[in-house]
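Source file: query.txt. Holds: compact mmCIF, C-alpha atoms.
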```txt
# COMPACT_ATOMS: atom_id res chain seq x y z
CA MET R 1 152.33 -7.85 88.18
CA LYS R 2 155.16 -7.09 85.74
CA THR R 3 156.51 -3.59 85.12
CA ASN R 4 156.26 -2.64 81.45
CA VAL R 5 159.23 -0.69 80.08
CA VAL R 6 158.78 0.54 76.50
CA ILE R 7 161.78 1.82 74.57
CA VAL R 8 160.96 3.83 71.47
CA GLY R 9 163.83 3.64 68.99
CA GLY R 10 166.29 0.91 68.05
CA GLY R 11 169.49 2.87 67.60
CA TYR R 12 172.57 3.04 69.80
CA ALA R 13 170.79 4.60 72.80
CA GLY R 14 167.66 2.46 72.60
CA VAL R 15 169.46 -0.86 72.22
CA MET R 16 171.89 -0.02 75.02
CA ALA R 17 168.99 0.87 77.32
CA ALA R 18 167.10 -2.31 76.42
CA ASN R 19 170.13 -4.50 77.09
CA ARG R 20 170.93 -2.90 80.45
CA LEU R 21 167.34 -3.48 81.57
CA ALA R 22 166.91 -6.99 80.21
CA ALA R 23 170.31 -8.43 81.10
CA THR R 24 169.72 -8.04 84.84
CA GLY R 25 167.90 -11.37 84.78
CA ARG R 26 165.05 -9.94 86.82
CA SER R 27 161.65 -11.47 86.25
CA GLY R 28 159.70 -8.45 87.43
CA HIS R 29 159.75 -6.34 84.29
CA ASP R 30 158.99 -6.69 80.59
CA VAL R 31 161.26 -4.80 78.15
CA VAL R 32 159.74 -3.88 74.79
CA LEU R 33 161.73 -2.27 71.96
CA VAL R 34 159.64 -0.41 69.38
CA ASN R 35 161.40 0.15 66.07
CA PRO R 36 160.17 0.01 62.45
CA GLY R 37 163.40 -1.36 60.99
CA GLU R 38 164.13 -5.04 60.54
CA ARG R 39 167.85 -4.74 61.35
CA PHE R 40 170.14 -2.64 63.53
CA VAL R 41 171.81 0.09 61.48
CA GLU R 42 175.43 1.03 62.20
CA ARG R 43 175.05 4.70 61.40
CA ILE R 44 178.78 5.29 61.84
CA ARG R 45 179.25 3.03 58.80
CA LEU R 46 176.74 4.64 56.44
CA HIS R 47 179.32 6.76 54.58
CA GLU R 48 181.17 3.55 53.77
CA TYR R 49 177.98 1.93 52.50
CA ALA R 50 177.04 4.97 50.39
CA ALA R 51 180.45 5.00 48.72
CA GLY R 52 180.37 1.27 48.06
CA THR R 53 183.25 0.23 50.31
CA ARG R 54 181.01 -1.66 52.75
CA LYS R 55 178.59 -4.33 51.62
CA ASP R 56 176.13 -4.04 54.50
CA PRO R 57 176.00 -1.45 57.32
CA THR R 58 173.42 -3.44 59.29
CA VAL R 59 173.43 -6.40 61.66
CA SER R 60 170.55 -8.48 62.92
CA PHE R 61 168.85 -7.31 66.08
CA ALA R 62 169.20 -10.86 67.37
CA SER R 63 172.98 -10.37 67.34
CA VAL R 64 172.93 -7.21 69.50
CA LEU R 65 169.87 -7.57 71.75
CA ASN R 66 169.42 -9.55 74.92
CA PRO R 67 167.00 -12.41 74.09
CA ASP R 68 164.57 -11.25 76.79
CA VAL R 69 163.90 -7.99 74.92
CA ARG R 70 160.59 -8.20 73.10
CA GLN R 71 160.62 -6.48 69.71
CA VAL R 72 157.70 -4.66 68.14
CA ARG R 73 158.29 -3.71 64.51
CA ASP R 74 156.31 -0.52 64.20
CA ALA R 75 156.66 3.25 64.48
CA ALA R 76 155.36 5.33 67.38
CA GLU R 77 152.93 8.06 66.36
CA ARG R 78 152.06 9.57 69.71
CA ILE R 79 152.94 9.22 73.38
CA ASP R 80 150.09 9.86 75.81
CA ALA R 81 151.74 10.61 79.14
CA GLY R 82 148.38 10.91 80.89
CA THR R 83 147.34 7.33 80.16
CA ARG R 84 150.92 6.03 79.83
CA THR R 85 150.35 4.62 76.38
CA VAL R 86 152.13 4.72 73.03
CA GLN R 87 150.04 4.85 69.86
CA LEU R 88 151.69 2.92 67.03
CA ALA R 89 151.31 3.56 63.31
CA GLY R 90 149.84 0.10 62.82
CA GLY R 91 146.94 0.92 65.13
CA ARG R 92 148.19 -0.90 68.19
CA ARG R 93 148.44 0.84 71.57
CA LEU R 94 151.13 -0.13 74.09
CA GLU R 95 150.89 0.54 77.79
CA TYR R 96 153.99 1.45 79.74
CA ASP R 97 155.07 1.99 83.32
CA TYR R 98 158.34 3.53 82.17
CA LEU R 99 159.29 4.81 78.73
CA VAL R 100 162.66 5.59 77.15
CA TYR R 101 162.46 8.08 74.30
CA ALA R 102 165.38 7.16 72.00
CA VAL R 103 164.08 7.85 68.50
CA GLY R 104 167.41 9.22 67.30
CA SER R 105 167.98 11.77 64.57
CA GLY R 106 166.72 11.78 61.02
CA ARG R 107 167.16 13.78 57.91
CA GLY R 108 166.52 17.48 58.16
CA LYS R 109 165.37 19.54 55.22
CA VAL R 110 166.99 18.00 52.15
CA PRO R 111 166.68 19.48 48.65
CA GLU R 112 164.81 17.34 46.16
CA GLY R 113 167.11 15.01 44.28
CA SER R 114 169.83 15.09 46.95
CA TYR R 115 170.76 12.10 49.10
CA ALA R 116 171.02 12.30 52.90
CA VAL R 117 173.60 9.67 53.78
CA GLU R 118 173.05 9.82 57.55
CA GLN R 119 169.96 7.64 57.06
CA PHE R 120 170.04 4.13 55.62
CA GLU R 121 167.50 4.87 52.88
CA GLY R 122 169.43 7.93 51.70
CA ALA R 123 172.75 6.09 51.83
CA ASP R 124 171.25 3.27 49.79
CA GLU R 125 170.02 5.73 47.14
CA ALA R 126 173.40 7.48 47.12
CA ARG R 127 175.17 4.15 46.65
CA ARG R 128 173.19 3.40 43.50
CA ALA R 129 173.57 6.93 42.16
CA LEU R 130 177.36 6.93 42.60
CA ALA R 131 177.72 3.49 41.04
CA GLY R 132 175.85 4.74 37.97
CA LEU R 133 178.06 7.77 37.31
CA PRO R 134 180.45 7.57 34.34
CA PRO R 135 184.11 8.61 34.70
CA GLY R 136 184.36 12.36 34.97
CA GLY R 137 181.03 12.66 36.80
CA ARG R 138 180.81 15.39 39.42
CA VAL R 139 179.84 14.72 43.03
CA ALA R 140 179.16 17.54 45.49
CA VAL R 141 179.08 16.84 49.24
CA VAL R 142 177.31 19.56 51.23
CA GLY R 143 178.35 20.06 54.85
CA GLY R 144 181.43 20.81 56.89
CA GLY R 145 181.05 18.32 59.74
CA LEU R 146 182.71 14.97 60.22
CA THR R 147 179.98 13.06 58.36
CA ALA R 148 180.46 15.25 55.28
CA ILE R 149 184.24 14.89 55.39
CA GLU R 150 184.05 11.11 55.76
CA THR R 151 181.51 10.86 52.93
CA ALA R 152 183.60 12.98 50.56
CA SER R 153 186.78 11.06 51.42
CA GLU R 154 185.23 7.62 51.09
CA THR R 155 183.69 8.56 47.74
CA ALA R 156 186.93 10.01 46.36
CA ARG R 157 188.90 6.92 47.40
CA ARG R 158 186.33 4.51 45.98
CA TYR R 159 185.80 6.40 42.71
CA PRO R 160 189.09 8.08 41.71
CA GLY R 161 187.63 8.78 38.27
CA LEU R 162 184.95 11.09 39.70
CA SER R 163 185.33 14.76 40.58
CA VAL R 164 184.43 15.24 44.26
CA SER R 165 183.92 18.59 45.96
CA LEU R 166 183.11 19.52 49.57
CA HIS R 167 180.99 22.60 50.25
CA ALA R 168 181.00 23.88 53.85
CA ALA R 169 179.17 26.92 55.19
CA GLY R 170 182.24 27.70 57.32
CA LEU R 171 185.52 25.97 57.98
CA PRO R 172 185.54 22.20 57.51
CA ALA R 173 185.58 20.38 60.86
CA PRO R 174 185.23 23.59 62.91
CA GLN R 175 185.30 21.58 66.15
CA VAL R 176 188.91 20.41 65.79
CA GLY R 177 192.09 22.35 66.51
CA ALA R 178 193.85 24.43 63.86
CA GLY R 179 196.74 21.97 63.52
CA ALA R 180 194.44 19.00 63.09
CA ARG R 181 192.40 20.89 60.51
CA ARG R 182 195.47 21.76 58.46
CA GLY R 183 196.41 18.09 58.32
CA LEU R 184 192.84 17.17 57.46
CA GLU R 185 192.74 19.65 54.60
CA ARG R 186 196.05 18.34 53.26
CA SER R 187 194.62 14.82 53.18
CA LEU R 188 191.50 15.99 51.36
CA ARG R 189 193.53 17.83 48.74
CA ARG R 190 195.80 14.81 48.20
CA MET R 191 192.64 12.88 47.30
CA GLY R 192 191.76 15.54 44.74
CA ILE R 193 188.75 16.83 46.69
CA GLU R 194 187.92 20.45 45.93
CA LEU R 195 187.33 22.41 49.15
CA HIS R 196 184.82 25.26 49.13
CA ALA R 197 184.62 26.94 52.54
CA GLY R 198 182.04 29.62 53.21
CA THR R 199 179.61 28.18 50.67
CA GLN R 200 175.95 28.68 51.47
CA VAL R 201 173.86 26.08 49.70
CA PRO R 202 170.10 26.71 50.02
CA ALA R 203 167.97 23.80 51.22
CA SER R 204 165.41 24.66 48.55
CA GLY R 205 165.72 24.78 44.81
CA ASP R 206 167.95 22.62 42.64
CA PRO R 207 171.40 22.16 44.25
CA HIS R 208 172.69 20.33 41.16
CA THR R 209 172.50 23.52 39.10
CA HIS R 210 173.83 25.63 41.98
CA LEU R 211 176.84 23.37 42.50
CA GLY R 212 177.32 22.09 38.96
CA ALA R 213 177.09 18.48 40.14
CA ASP R 214 175.57 15.28 38.83
CA VAL R 215 175.05 13.85 42.35
CA VAL R 216 174.59 15.86 45.56
CA LEU R 217 175.20 14.16 48.90
CA TRP R 218 173.57 16.17 51.67
CA CYS R 219 175.37 16.08 55.04
CA ALA R 220 174.40 19.50 56.37
CA GLY R 221 173.07 18.50 59.76
CA PHE R 222 170.64 16.23 61.52
CA GLY R 223 166.97 16.72 62.23
CA VAL R 224 164.89 14.90 64.82
CA PRO R 225 161.44 13.31 64.58
CA GLU R 226 158.47 15.41 65.71
CA LEU R 227 157.13 12.72 68.05
CA ALA R 228 157.94 14.55 71.30
CA ALA R 229 156.40 17.84 70.17
CA ALA R 230 153.36 16.07 68.71
CA SER R 231 152.89 14.33 72.05
CA GLY R 232 152.89 17.58 74.01
CA LEU R 233 156.22 16.87 75.69
CA PRO R 234 158.74 19.69 76.30
CA VAL R 235 161.17 20.24 73.43
CA ASP R 236 163.93 22.70 72.53
CA ALA R 237 163.99 24.87 69.41
CA ALA R 238 165.28 21.92 67.36
CA GLY R 239 162.47 19.61 68.53
CA ARG R 240 164.61 17.53 70.89
CA LEU R 241 163.01 16.21 74.07
CA LEU R 242 164.06 18.30 77.07
CA VAL R 243 165.18 16.25 80.06
CA ALA R 244 166.72 16.93 83.46
CA PRO R 245 170.23 15.70 84.41
CA THR R 246 168.58 12.46 85.58
CA LEU R 247 167.35 12.06 81.96
CA GLN R 248 163.74 12.30 83.17
CA VAL R 249 161.18 14.65 81.68
CA PRO R 250 160.26 17.12 84.44
CA GLY R 251 156.65 16.57 85.43
CA GLN R 252 156.68 13.20 83.64
CA GLU R 253 159.23 11.29 85.69
CA ARG R 254 158.26 7.95 84.11
CA ILE R 255 159.57 9.19 80.73
CA TYR R 256 163.31 9.24 80.07
CA GLY R 257 165.18 10.62 77.07
CA ALA R 258 168.43 9.40 75.53
CA GLY R 259 170.40 9.83 72.33
CA ASP R 260 170.24 12.39 69.54
CA ALA R 261 166.56 13.23 70.04
CA ALA R 262 167.00 14.22 73.69
CA VAL R 263 168.90 17.11 75.24
CA ILE R 264 169.78 17.71 78.88
CA ALA R 265 168.78 21.24 79.87
CA GLY R 266 171.49 23.33 81.49
CA ALA R 267 174.69 24.98 80.31
CA ASP R 268 176.87 22.33 81.94
CA TYR R 269 175.62 19.74 79.42
CA ALA R 270 175.93 21.89 76.30
CA TYR R 271 179.13 20.05 75.31
CA LEU R 272 177.23 16.83 74.58
CA ARG R 273 176.96 16.57 70.79
CA MET R 274 174.81 14.28 68.68
CA SER R 275 176.90 11.10 68.41
CA CYS R 276 176.89 7.45 69.36
CA ALA R 277 179.60 8.35 71.91
CA ALA R 278 176.98 10.41 73.76
CA ALA R 279 173.95 8.25 72.92
CA MET R 280 175.14 4.97 74.43
CA PRO R 281 176.00 6.39 77.89
CA MET R 282 172.67 8.23 77.94
CA GLY R 283 170.81 5.03 77.08
CA ALA R 284 172.69 3.13 79.79
CA ASP R 285 172.00 5.80 82.43
CA ALA R 286 168.31 6.01 81.52
CA ALA R 287 168.05 2.27 82.11
CA THR R 288 170.05 2.52 85.34
CA ASN R 289 167.68 5.13 86.70
CA ILE R 290 164.66 3.03 85.84
CA LEU R 291 166.21 0.12 87.74
CA ARG R 292 166.98 2.43 90.67
CA SER R 293 163.38 3.65 90.65
CA LEU R 294 162.16 0.06 90.79
CA ASP R 295 164.41 -0.42 93.83
CA ALA R 296 163.14 2.81 95.44
CA LEU R 297 166.60 4.42 95.10
CA PRO R 298 167.24 8.04 94.06
CA ALA R 299 168.15 8.71 90.45
CA VAL R 300 171.75 9.50 89.50
CA TRP R 301 172.74 12.44 87.33
CA HIS R 302 174.08 11.64 83.91
CA ASP R 303 177.86 11.96 83.67
CA SER R 304 179.68 11.25 80.42
CA GLY R 305 182.52 12.80 78.48
CA PHE R 306 184.62 12.45 75.36
CA GLY R 307 188.16 11.31 74.65
CA GLY R 308 188.59 12.14 70.99
CA GLN R 309 187.04 12.89 67.63
CA CYS R 310 187.86 10.25 65.01
CA VAL R 311 187.53 10.77 61.26
CA SER R 312 188.09 8.16 58.57
CA LEU R 313 189.46 9.44 55.27
CA GLY R 314 188.98 6.29 53.27
CA ARG R 315 190.15 2.89 54.45
CA THR R 316 193.85 3.77 54.83
CA ASP R 317 193.86 7.34 56.13
CA GLY R 318 192.26 9.18 59.00
CA MET R 319 192.52 11.83 61.69
CA VAL R 320 192.10 11.58 65.45
CA GLN R 321 191.75 14.80 67.43
CA PHE R 322 192.16 14.18 71.15
CA VAL R 323 189.89 16.24 73.40
CA THR R 324 189.18 16.98 77.03
CA ALA R 325 186.10 15.50 78.69
CA ASP R 326 183.98 18.46 77.55
CA ASP R 327 185.06 17.90 73.90
CA THR R 328 187.58 20.76 73.81
CA PRO R 329 190.45 20.00 71.38
CA VAL R 330 193.95 19.62 72.80
CA ARG R 331 197.23 19.93 70.90
CA LEU R 332 197.60 16.18 70.34
CA HIS R 333 196.26 14.82 67.06
CA VAL R 334 197.15 11.82 64.91
CA HIS R 335 196.92 11.42 61.14
CA GLY R 336 197.44 8.77 58.49
CA ARG R 337 197.17 5.00 58.69
CA THR R 338 197.51 4.97 62.49
CA ALA R 339 194.47 7.21 62.80
CA ALA R 340 192.54 5.03 60.33
CA VAL R 341 193.31 1.95 62.44
CA LEU R 342 192.22 3.72 65.64
CA LYS R 343 188.93 4.77 64.03
CA GLU R 344 188.26 1.24 62.81
CA ILE R 345 188.98 -0.21 66.26
CA ILE R 346 186.50 2.18 67.85
CA CYS R 347 183.82 1.36 65.26
CA ARG R 348 184.24 -2.35 65.94
CA MET R 349 184.28 -1.81 69.71
CA THR R 350 180.91 -0.02 69.50
CA LEU R 351 179.13 -3.25 68.58
CA ARG R 352 181.19 -5.18 71.11
CA TRP R 353 180.15 -2.80 73.92
CA ILE R 354 176.49 -3.23 72.98
CA ARG R 355 176.81 -7.03 72.81
CA ASN R 356 178.65 -7.21 76.12
CA GLU R 357 175.83 -5.25 77.73
CA ALA R 358 173.36 -7.76 76.28
CA LYS R 359 175.17 -10.47 78.21
CA ARG R 360 175.72 -8.61 81.50
CA SER R 361 173.88 -5.53 82.69
CA GLY R 362 176.40 -2.86 83.66
CA ALA R 363 179.24 -4.21 81.50
CA TYR R 364 179.47 -1.00 79.47
CA THR R 365 181.44 1.88 80.97
CA TRP R 366 182.48 5.22 79.49
CA PRO R 367 184.65 8.30 80.13
CA LYS R 368 183.35 10.65 82.82
CA GLY R 369 182.35 14.20 82.01
CA PRO R 370 184.01 17.43 83.11
CA ARG R 371 184.31 17.96 86.85
CA ARG R 372 181.63 20.11 88.41
CA THR R 373 182.12 22.17 91.53
CA THR R 374 179.63 21.98 94.40
CA ALA R 375 178.33 25.43 93.50
CA THR R 376 177.86 24.40 89.87
CA ALA R 377 176.02 21.24 90.87
CA GLN R 378 173.63 23.20 93.07
CA GLN R 379 172.80 25.48 90.15
CA GLN R 380 172.54 22.66 87.59
CA ALA R 381 168.86 21.74 87.89
CA PRO R 382 167.01 24.09 85.54
CA ALA R 383 163.83 25.94 86.36
CA TRP R 384 160.87 24.48 84.47
CA ASN R 385 157.69 26.26 83.61
```
What does this structure look like when you write it as structure tokens?
Amino acid sequence: MKTNVVIVGGGYAGVMAANRLAATGRSGHDVVLVNPGERFVERIRLHEYAAGTRKDPTVSFASVLNPDVRQVRDAAERIDAGTRTVQLAGGRRLEYDYLVYAVGSGRGKVPEGSYAVEQFEGADEARRALAGLPPGGRVAVVGGGLTAIETASETARRYPGLSVSLHAAGLPAPQVGAGARRGLERSLRRMGIELHAGTQVPASGDPHTHLGADVVLWCAGFGVPELAAASGLPVDAAGRLLVAPTLQVPGQERIYGAGDAAVIAGADYAYLRMSCAAAMPMGADAATNILRSLDALPAVWHDSGFGGQCVSLGRTDGMVQFVTADDTPVRLHVHGRTAAVLKEIICRMTLRWIRNEAKRSGAYTWPKGPRRTTATAQQQAPAWN
């Protein structure tokens, strides 16, 4: 009898998990990827697509998935851990022996008439809205994170005749060092982008009137689907699936979480931010632990870290902030064309890493996380109610 592994979500974490499972060449398990979209979306390219500098931010699933992965084009509505089934929106019910919860992040609360570029649909709407603006039109980008900065920069470079402003609740790019931020702000000002730090833009009401803009691009943070909470699985205050360091849901060890919609409980993992750099290692480790379970081996604890934070500022400018494994900025940072080239190399390598994993299970490797002492490791496993 085959072991059924169902992966819910076709983003970076879900596809990486599917490939690691399917590329082993084993005949004893069936890998099913549930995702409503027809194509794989490169979310790290959506700001380029919204601004009109990239024709298509998607690739075919056939080009990134191992051919033994079976695709189901549908959305999951509920996970029943008791019966080990997934209820799909189309009415179908899938049985699973193991499940990987990798539904990713979606748009949070977005004011009516604004465009959330971190999702394909919002980026597509933003693309059309920007293309329709006459010279002198005003574009307001709301958010102070890297997505907001990249969106504002790409738009200003693509449409020099538009007035582009960036509205951040605090400092722009608060996660980078002071020196890197000063260089980043200089680049933004050279592009003519108006910086408004400390601007609180309400998520209700009409932001166009509030900001005096013709188009508002909303990049003020990610939300996650409510699937885990609706299924009675443990979640944090933001609705993310709570998992142990093995990426298993405590009490439901056949369910694993990976990517933006999952969070590892425990202070030692608080450094892991929503990003494809964190999602892909989590997806790979979730698959590894399923394979280890099938071989009656103990699960390994997730261990991943960061090497840098890369920001594109149009096609010919950028910023790279180097960091320690726990994402703490160091003094070294790079700006200009060199940084833009580094960012582009990493974006291209992301698809290459996924495709290599589709050919050989275990091909993908990543930076290790911060070192933990023996005492820290003993205290890591959280207490669960």
Given only C-alpha atoms as the counted atoms, nearest of R:Gln175, R:Val224, R:Ala286, R:Ser153 to Val300 in chain R
R:Ala286
What's around Arg70 in chain R at 9 Å? Count only C-alpha atoms, leave out sequence neighbours fewer than 4 positions away in its own chain, and write the answer as a list in words.
Asp30, Val31, Val32, Leu33 and Val34 of chain R
Residue contacts of Gly14 in chain R (12 Å, all atoms listed in the file) excluding same-chain residues fewer than 4 positions away, as a tab-separated table (two decimals) with C-alpha atoms, in the coordinates of the input:
```tsv
chain	number	residue	atom	x	y	z
R	5	VAL	CA	159.23	-0.69	80.08
R	6	VAL	CA	158.78	0.54	76.50
R	7	ILE	CA	161.78	1.82	74.57
R	8	VAL	CA	160.96	3.83	71.47
R	9	GLY	CA	163.83	3.64	68.99
R	10	GLY	CA	166.29	0.91	68.05
R	18	ALA	CA	167.10	-2.31	76.42
R	19	ASN	CA	170.13	-4.50	77.09
R	20	ARG	CA	170.93	-2.90	80.45
R	21	LEU	CA	167.34	-3.48	81.57
R	31	VAL	CA	161.26	-4.80	78.15
R	32	VAL	CA	159.74	-3.88	74.79
R	33	LEU	CA	161.73	-2.27	71.96
R	34	VAL	CA	159.64	-0.41	69.38
R	35	ASN	CA	161.40	0.15	66.07
R	40	PHE	CA	170.14	-2.64	63.53
R	61	PHE	CA	168.85	-7.31	66.08
R	64	VAL	CA	172.93	-7.21	69.50
R	65	LEU	CA	169.87	-7.57	71.75
R	69	VAL	CA	163.90	-7.99	74.92
R	71	GLN	CA	160.62	-6.48	69.71
R	99	LEU	CA	159.29	4.81	78.73
R	100	VAL	CA	162.66	5.59	77.15
R	101	TYR	CA	162.46	8.08	74.30
R	102	ALA	CA	165.38	7.16	72.00
R	103	VAL	CA	164.08	7.85	68.50
R	104	GLY	CA	167.41	9.22	67.30
R	256	TYR	CA	163.31	9.24	80.07
R	257	GLY	CA	165.18	10.62	77.07
R	258	ALA	CA	168.43	9.40	75.53
R	259	GLY	CA	170.40	9.83	72.33
R	260	ASP	CA	170.24	12.39	69.54
R	261	ALA	CA	166.56	13.23	70.04
R	262	ALA	CA	167.00	14.22	73.69
R	276	CYS	CA	176.89	7.45	69.36
R	279	ALA	CA	173.95	8.25	72.92
R	280	MET	CA	175.14	4.97	74.43
R	281	PRO	CA	176.00	6.39	77.89
R	282	MET	CA	172.67	8.23	77.94
R	283	GLY	CA	170.81	5.03	77.08
R	284	ALA	CA	172.69	3.13	79.79
R	285	ASP	CA	172.00	5.80	82.43
R	286	ALA	CA	168.31	6.01	81.52
R	287	ALA	CA	168.05	2.27	82.11
R	354	ILE	CA	176.49	-3.23	72.98
```
Can you measure CA of Ala62 in chain R to CA of Arg39 in chain R for me? One decimal in Å is fine.
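Result for CA of Ala62 in chain R versus CA of Arg39 in chain R: 8.7 Å, one decimal.
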With a cut-off of 9 Å, could you pull out the residues of range 270-356 of chain R touching range 183-188 of chain R and give me the nearest pair of atoms for each, distance in Å to one decimal, using only C-alpha atoms, ordered by chain and ascending number, as a Markdown table?
```
| residue | atom | partner | partner_atom | distance |
| --- | --- | --- | --- | --- |
| R:Leu313 | CA | R:Ser187 | CA | 7.7 |
| R:Asp317 | CA | R:Ser187 | CA | 8.1 |
| R:Gly318 | CA | R:Leu184 | CA | 8.2 |
| R:Met319 | CA | R:Leu184 | CA | 6.8 |
| R:His335 | CA | R:Gly183 | CA | 7.3 |
| R:Gly336 | CA | R:Ser187 | CA | 8.5 |
```
Just the selected residues (C-alpha atoms), exported as an mmCIF file, keeping the file's coordinate frame, please.
```
data_model
loop_
_atom_site.group_PDB
_atom_site.id
_atom_site.type_symbol
_atom_site.label_atom_id
_atom_site.label_comp_id
_atom_site.auth_asym_id
_atom_site.auth_seq_id
_atom_site.Cartn_x
_atom_site.Cartn_y
_atom_site.Cartn_z
ATOM 1 C CA LEU R 313 189.460 9.440 55.270
ATOM 2 C CA ASP R 317 193.860 7.340 56.130
ATOM 3 C CA GLY R 318 192.260 9.180 59.000
ATOM 4 C CA MET R 319 192.520 11.830 61.690
ATOM 5 C CA HIS R 335 196.920 11.420 61.140
ATOM 6 C CA GLY R 336 197.440 8.770 58.490
#
```
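You will find CA of Ser312 in chain R at 9.0 Å from CA of Val341 in chain R.
Using all atoms listed in the file for every distance, the candidate list R:Gln252, R:Ile345, R:Ala23, R:Pro67 yields R:Ala23 as the residue closest to Thr288 in chain R.
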Considering all atoms listed in the file, can you say which of R:His302, R:Arg360, R:Arg190, R:Arg292 comes closest to Asn66 in chain R?
R:Arg360
Take CA of Gly28 in chain R and CA of Thr3 in chain R and report the distance between them in Å, one decimal.
6.3 Å
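Nearest residue to Arg127 in chain R, choosing from R:Ala148, R:Thr209, R:Thr85, R:Val216 and counting all atoms listed in the file: R:Val216.
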Mind rebuilding range 255-269 of chain R with N, CA, C and O atoms and writing that out as a CSV table (one decimal), keeping the file's coordinate frame?
```csv
chain,number,residue,atom,x,y,z
R,255,ILE,N,159.0,9.1,82.1
R,255,ILE,CA,159.6,9.2,80.7
R,255,ILE,C,161.0,9.7,80.8
R,255,ILE,O,161.3,10.7,81.4
R,256,TYR,N,161.9,8.9,80.1
R,256,TYR,CA,163.3,9.2,80.1
R,256,TYR,C,163.7,9.5,78.6
R,256,TYR,O,163.1,8.9,77.7
R,257,GLY,N,164.7,10.3,78.4
R,257,GLY,CA,165.2,10.6,77.1
R,257,GLY,C,166.6,10.3,76.9
R,257,GLY,O,167.4,10.4,77.9
R,258,ALA,N,167.0,9.8,75.8
R,258,ALA,CA,168.4,9.4,75.5
R,258,ALA,C,168.7,9.5,74.0
R,258,ALA,O,167.9,9.2,73.2
R,259,GLY,N,170.0,9.8,73.7
R,259,GLY,CA,170.4,9.8,72.3
R,259,GLY,C,170.2,11.2,71.7
R,259,GLY,O,169.9,12.2,72.3
R,260,ASP,N,170.3,11.2,70.3
R,260,ASP,CA,170.2,12.4,69.5
R,260,ASP,C,169.0,13.2,69.7
R,260,ASP,O,169.0,14.4,69.6
R,261,ALA,N,167.9,12.5,70.0
R,261,ALA,CA,166.6,13.2,70.0
R,261,ALA,C,166.2,13.8,71.4
R,261,ALA,O,165.1,14.3,71.7
R,262,ALA,N,167.2,13.7,72.3
R,262,ALA,CA,167.0,14.2,73.7
R,262,ALA,C,168.1,15.2,74.0
R,262,ALA,O,169.3,15.0,73.6
R,263,VAL,N,167.9,16.2,74.8
R,263,VAL,CA,168.9,17.1,75.2
R,263,VAL,C,168.7,17.4,76.7
R,263,VAL,O,167.6,17.7,77.2
R,264,ILE,N,169.8,17.4,77.5
R,264,ILE,CA,169.8,17.7,78.9
R,264,ILE,C,169.8,19.2,79.0
R,264,ILE,O,170.8,19.9,78.6
R,265,ALA,N,168.8,19.8,79.7
R,265,ALA,CA,168.8,21.2,79.9
R,265,ALA,C,169.9,21.7,80.9
R,265,ALA,O,170.2,21.0,81.8
R,266,GLY,N,170.5,22.8,80.6
R,266,GLY,CA,171.5,23.3,81.5
R,266,GLY,C,172.8,23.5,80.7
R,266,GLY,O,173.2,22.7,79.9
R,267,ALA,N,173.5,24.6,81.0
R,267,ALA,CA,174.7,25.0,80.3
R,267,ALA,C,175.8,24.0,80.5
R,267,ALA,O,176.6,23.8,79.6
R,268,ASP,N,175.8,23.3,81.7
R,268,ASP,CA,176.9,22.3,81.9
R,268,ASP,C,176.8,21.1,81.0
R,268,ASP,O,177.8,20.3,81.0
R,269,TYR,N,175.7,20.9,80.3
R,269,TYR,CA,175.6,19.7,79.4
R,269,TYR,C,175.7,20.2,78.0
R,269,TYR,O,175.4,19.3,77.1
```
